[in-house]
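Novice: Input: one structure, supplied below.
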Amino acid sequence: MANKGPSYGMSRVVQDKIDKKYDAEVEELLVQWIVAQCGSGVGKPESGKLGFQDWLKDGCVLSELINSLHKDNKPIKKIASSSMAFKQMEQISQFLTAAESFGVIKTDMFQTVDLWEGKDLAAVQRTLMSLGSVAVTKDDGNYRGDPNWFFKKAQENRREFTDDQLKAGKGVIGLQMGSNKGASQTGMSYGATRQIQ
């Protein structure tokens with residue numbers, strides 16, 4: 001991969017907007033959770049955006065994190081640190097696949113280059129926050145840390161209706177269908193008729 005120089009013009013404006021979405025407080029919370037979840041063996045990053053990126057860039061910490069959320073049948077079988085770019089990106093990609101199967105929705109996922117090239121670290125934060133929320137919501141005993149760090153996702157609210165209730169509902173006209181009461185166009189005229197000679 002070639003190094004990219006500084007961006008100018010519109011691309012610089014767009015990158016500045018993306019960079020402003022990065023939150024240092026969220027970084028602190030995520031580091032605290034990852035260390036609590038995986039243990040002190042994962043270390044801690046230097047504070048700041050670049051330190052956070054370097055900590056996660058090879059994909060090993062992310063792989064340890066997703067594996068720690070499973071008791072048995074770990075999704076990532078081999079976690080190996082490598083200095084080769086394609087191996088690091090492959091490790092990140094494995095994390096993303098495992099996170100999606102764990103329950104993180106696709107719209108909350110970052111792209112591999114967002115982390116590896118540092119293009120959008122706010123998206124990385126969003127993915128990890130969503131992963132934490134799914135882990136807290138599952139409540140299967142694998143989550144370690146303060147449950148108040150993440151919000152619980154909405155749960156399914158199934159409702160059962162009797163046959164009588166369903167029949168009664170068929171006679172009701174929904175508001176989005178319009179109404180059969182009230183004003184109508186009967187008796188309306190749109191101006192005088194044209195006189196042709």
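Following the order of the structure tokens, chains are lettered A, B, ..., residues in each are numbered from 1, and ligands are numbered from 1.
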Within 12 Å of A:Gln94, counting only C-alpha atoms, which residues qualify if same-chain residues fewer than 5 places away don't, as a PyMOL selection string?

Specialist: chain A and resi 58-60+62-64+66-67+74-79+87-89+99-101+111-112

Novice: Could you check the closest approach to A:Lys71 for each of A:Glu156, A:Asp140, A:Glu27, A:Asp146 and tell me which residue wins, using only C-alpha atoms?

Specialist: A:Asp140

Novice: Nearest residue to A:Val136 out of A:Leu56, A:Ala154, A:Val124, A:Val35, using only C-alpha atoms?

Specialist: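 Residue with the minimum atom-to-atom distance to A:Val136: A:Ala154.
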
Novice: Between A:Phe151, A:Trp33, A:Trp116, A:Phe52, which has the minimum distance to A:Gln91 (counting only C-alpha atoms)?

Specialist: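 Counting only C-alpha atoms, the residue closest to A:Gln91 is A:Trp116.
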
Novice: Which of these residues is nearest to A:Leu131, using only C-alpha atoms: A:Leu69, A:Thr186, A:Leu29, A:Pro147?

Specialist: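 That would be A:Leu69, the residue with the smallest distance to A:Leu131.
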
Novice: Which residues, written as a list in words, have at least one atom at most 12 Å from A:Ser130, with only C-alpha atoms counted and residues fewer than 2 positions away on the same chain left out?

Specialist: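 Answer for this query is Leu30, Ala99, Glu100, Phe102, Gly103, Val104, Ile105, Lys106, Thr107, Asp108, Met109, Phe110, Ala123, Val124, Gln125, Arg126, Thr127, Leu128, Gly132, Ser133, Val134, Ala135, Val136, Thr137, Trp149, Phe150, Phe151, Lys152 and Lys153 of chain A.
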
Novice: So which one's closest to A:Val26, A:Lys119, A:Met84, A:Lys167, A:Gly48? Using only C-alpha atoms, please.

Specialist: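 The shortest atom-to-atom distance to A:Val26 comes from A:Gly48.
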
Novice: From a backbone DSSP assignment, name each residue in stretch 75-132 of chain A labelled alpha helix (DSSP H), as an NGL selection string.

Specialist: :A and (85-102 or 112-116 or 121-132)

Novice: Generate the output file for the selected residues, N, CA and C atoms, as an mmCIF file, in the first residue's frame.

Specialist:
data_model
loop_
_atom_site.group_PDB
_atom_site.id
_atom_site.type_symbol
_atom_site.label_atom_id
_atom_site.label_comp_id
_atom_site.auth_asym_id
_atom_site.auth_seq_id
_atom_site.Cartn_x
_atom_site.Cartn_y
_atom_site.Cartn_z
ATOM 1 N N ALA A 85 0.919 -6.628 6.011
ATOM 2 C CA ALA A 85 -0.339 -5.874 5.924
ATOM 3 C C ALA A 85 -1.528 -6.766 5.614
ATOM 4 N N PHE A 86 -1.384 -7.679 4.658
ATOM 5 C CA PHE A 86 -2.534 -8.486 4.268
ATOM 6 C C PHE A 86 -2.953 -9.443 5.385
ATOM 7 N N LYS A 87 -1.994 -9.896 6.209
ATOM 8 C CA LYS A 87 -2.334 -10.767 7.346
ATOM 9 C C LYS A 87 -3.103 -9.977 8.409
ATOM 10 N N GLN A 88 -2.694 -8.738 8.653
ATOM 11 C CA GLN A 88 -3.381 -7.891 9.623
ATOM 12 C C GLN A 88 -4.799 -7.596 9.155
ATOM 13 N N MET A 89 -4.936 -7.287 7.872
ATOM 14 C CA MET A 89 -6.269 -6.993 7.336
ATOM 15 C C MET A 89 -7.144 -8.241 7.342
ATOM 16 N N GLU A 90 -6.560 -9.390 7.118
ATOM 17 C CA GLU A 90 -7.315 -10.641 7.172
ATOM 18 C C GLU A 90 -7.830 -10.894 8.592
ATOM 19 N N GLN A 91 -6.986 -10.594 9.580
ATOM 20 C CA GLN A 91 -7.382 -10.773 10.986
ATOM 21 C C GLN A 91 -8.554 -9.829 11.325
ATOM 22 N N ILE A 92 -8.483 -8.586 10.855
ATOM 23 C CA ILE A 92 -9.574 -7.619 11.081
ATOM 24 C C ILE A 92 -10.848 -8.109 10.400
ATOM 25 N N SER A 93 -10.699 -8.615 9.190
ATOM 26 C CA SER A 93 -11.853 -9.120 8.442
ATOM 27 C C SER A 93 -12.505 -10.304 9.162
ATOM 28 N N GLN A 94 -11.692 -11.182 9.754
ATOM 29 C CA GLN A 94 -12.235 -12.300 10.533
ATOM 30 C C GLN A 94 -13.025 -11.792 11.738
ATOM 31 N N PHE A 95 -12.508 -10.739 12.389
ATOM 32 C CA PHE A 95 -13.235 -10.141 13.506
ATOM 33 C C PHE A 95 -14.587 -9.615 13.049
ATOM 34 N N LEU A 96 -14.617 -8.916 11.920
ATOM 35 C CA LEU A 96 -15.868 -8.340 11.426
ATOM 36 C C LEU A 96 -16.895 -9.424 11.109
ATOM 37 N N THR A 97 -16.453 -10.524 10.515
ATOM 38 C CA THR A 97 -17.349 -11.635 10.209
ATOM 39 C C THR A 97 -17.903 -12.243 11.500
ATOM 40 N N ALA A 98 -17.023 -12.432 12.489
ATOM 41 C CA ALA A 98 -17.444 -13.011 13.768
ATOM 42 C C ALA A 98 -18.382 -12.062 14.523
ATOM 43 N N ALA A 99 -18.119 -10.757 14.447
ATOM 44 C CA ALA A 99 -18.979 -9.778 15.122
ATOM 45 C C ALA A 99 -20.365 -9.759 14.502
ATOM 46 N N GLU A 100 -20.421 -9.877 13.172
ATOM 47 C CA GLU A 100 -21.725 -9.899 12.501
ATOM 48 C C GLU A 100 -22.516 -11.148 12.901
ATOM 49 N N SER A 101 -21.839 -12.297 12.974
ATOM 50 C CA SER A 101 -22.549 -13.516 13.380
ATOM 51 C C SER A 101 -22.909 -13.477 14.864
ATOM 52 N N PHE A 102 -22.211 -12.669 15.658
ATOM 53 C CA PHE A 102 -22.530 -12.513 17.079
ATOM 54 C C PHE A 102 -23.803 -11.694 17.278
ATOM 55 N N THR A 112 -12.615 -2.622 6.795
ATOM 56 C CA THR A 112 -11.255 -2.948 7.217
ATOM 57 C C THR A 112 -10.312 -1.759 7.060
ATOM 58 N N VAL A 113 -10.430 -1.011 5.968
ATOM 59 C CA VAL A 113 -9.537 0.137 5.751
ATOM 60 C C VAL A 113 -9.813 1.278 6.718
ATOM 61 N N ASP A 114 -11.024 1.346 7.263
ATOM 62 C CA ASP A 114 -11.329 2.392 8.249
ATOM 63 C C ASP A 114 -10.386 2.295 9.439
ATOM 64 N N LEU A 115 -10.085 1.071 9.847
ATOM 65 C CA LEU A 115 -9.155 0.868 10.962
ATOM 66 C C LEU A 115 -7.717 0.826 10.465
ATOM 67 N N TRP A 116 -7.444 0.023 9.467
ATOM 68 C CA TRP A 116 -6.059 -0.218 9.081
ATOM 69 C C TRP A 116 -5.377 1.047 8.570
ATOM 70 N N LEU A 121 -11.936 6.196 12.312
ATOM 71 C CA LEU A 121 -11.855 5.506 13.603
ATOM 72 C C LEU A 121 -13.132 5.677 14.420
ATOM 73 N N ALA A 122 -13.951 6.669 14.066
ATOM 74 C CA ALA A 122 -15.250 6.809 14.725
ATOM 75 C C ALA A 122 -16.145 5.626 14.372
ATOM 76 N N ALA A 123 -16.020 5.111 13.152
ATOM 77 C CA ALA A 123 -16.790 3.925 12.747
ATOM 78 C C ALA A 123 -16.327 2.701 13.541
ATOM 79 N N VAL A 124 -15.030 2.625 13.825
ATOM 80 C CA VAL A 124 -14.498 1.528 14.650
ATOM 81 C C VAL A 124 -15.102 1.618 16.041
ATOM 82 N N GLN A 125 -15.169 2.825 16.582
ATOM 83 C CA GLN A 125 -15.788 3.019 17.898
ATOM 84 C C GLN A 125 -17.257 2.595 17.882
ATOM 85 N N ARG A 126 -17.976 2.963 16.822
ATOM 86 C CA ARG A 126 -19.391 2.593 16.714
ATOM 87 C C ARG A 126 -19.571 1.079 16.717
ATOM 88 N N THR A 127 -18.720 0.374 15.982
ATOM 89 C CA THR A 127 -18.803 -1.083 15.918
ATOM 90 C C THR A 127 -18.556 -1.694 17.290
ATOM 91 N N LEU A 128 -17.531 -1.215 17.978
ATOM 92 C CA LEU A 128 -17.212 -1.770 19.292
ATOM 93 C C LEU A 128 -18.295 -1.440 20.319
ATOM 94 N N MET A 129 -18.893 -0.255 20.229
ATOM 95 C CA MET A 129 -20.004 0.094 21.127
ATOM 96 C C MET A 129 -21.199 -0.816 20.853
ATOM 97 N N SER A 130 -21.470 -1.077 19.597
ATOM 98 C CA SER A 130 -22.572 -1.959 19.232
ATOM 99 C C SER A 130 -22.298 -3.383 19.711
ATOM 100 N N LEU A 131 -21.057 -3.831 19.589
ATOM 101 C CA LEU A 131 -20.677 -5.162 20.070
ATOM 102 C C LEU A 131 -20.885 -5.266 21.571
ATOM 103 N N GLY A 132 -20.501 -4.229 22.303
ATOM 104 C CA GLY A 132 -20.718 -4.208 23.744
ATOM 105 C C GLY A 132 -22.195 -4.243 24.097
#

Novice: Distance atom CA of A:Glu28-atom CA of A:Ser47, one decimal place?

Specialist: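 Computed distance, atom CA of A:Glu28 to atom CA of A:Ser47, equals 8.2 Å.
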
Novice: Would you mind reading off the distance between atom CA of A:Val61 and atom CA of A:Gln32, one decimal, in Å?

Specialist: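 A separation of 13.0 Å between them.
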
Novice: Using only C-alpha atoms, which residues sit within 8 Å of A:Gln37 once same-chain residues fewer than 4 positions away are excluded, as a list in words?

Specialist: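 Using only C-alpha atoms, the neighbours found are Trp33, Leu65, Ser68, Tyr143, Arg144 and Gly145 of chain A.
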
Novice: Would you mind reading off the distance between atom CA of A:Tyr8 and atom CA of A:Asp23, one decimal, in Å?

Specialist: 23.7 Å

Novice: Determine, counting only C-alpha atoms, which protein, DNA and RNA residues have an atom within 12 Å of an atom of A:Pro6; residues of the same chain fewer than 6 positions away are not included. Present the result as a VMD selection string.

Specialist: chain A and resid 12 to 13 15 to 16
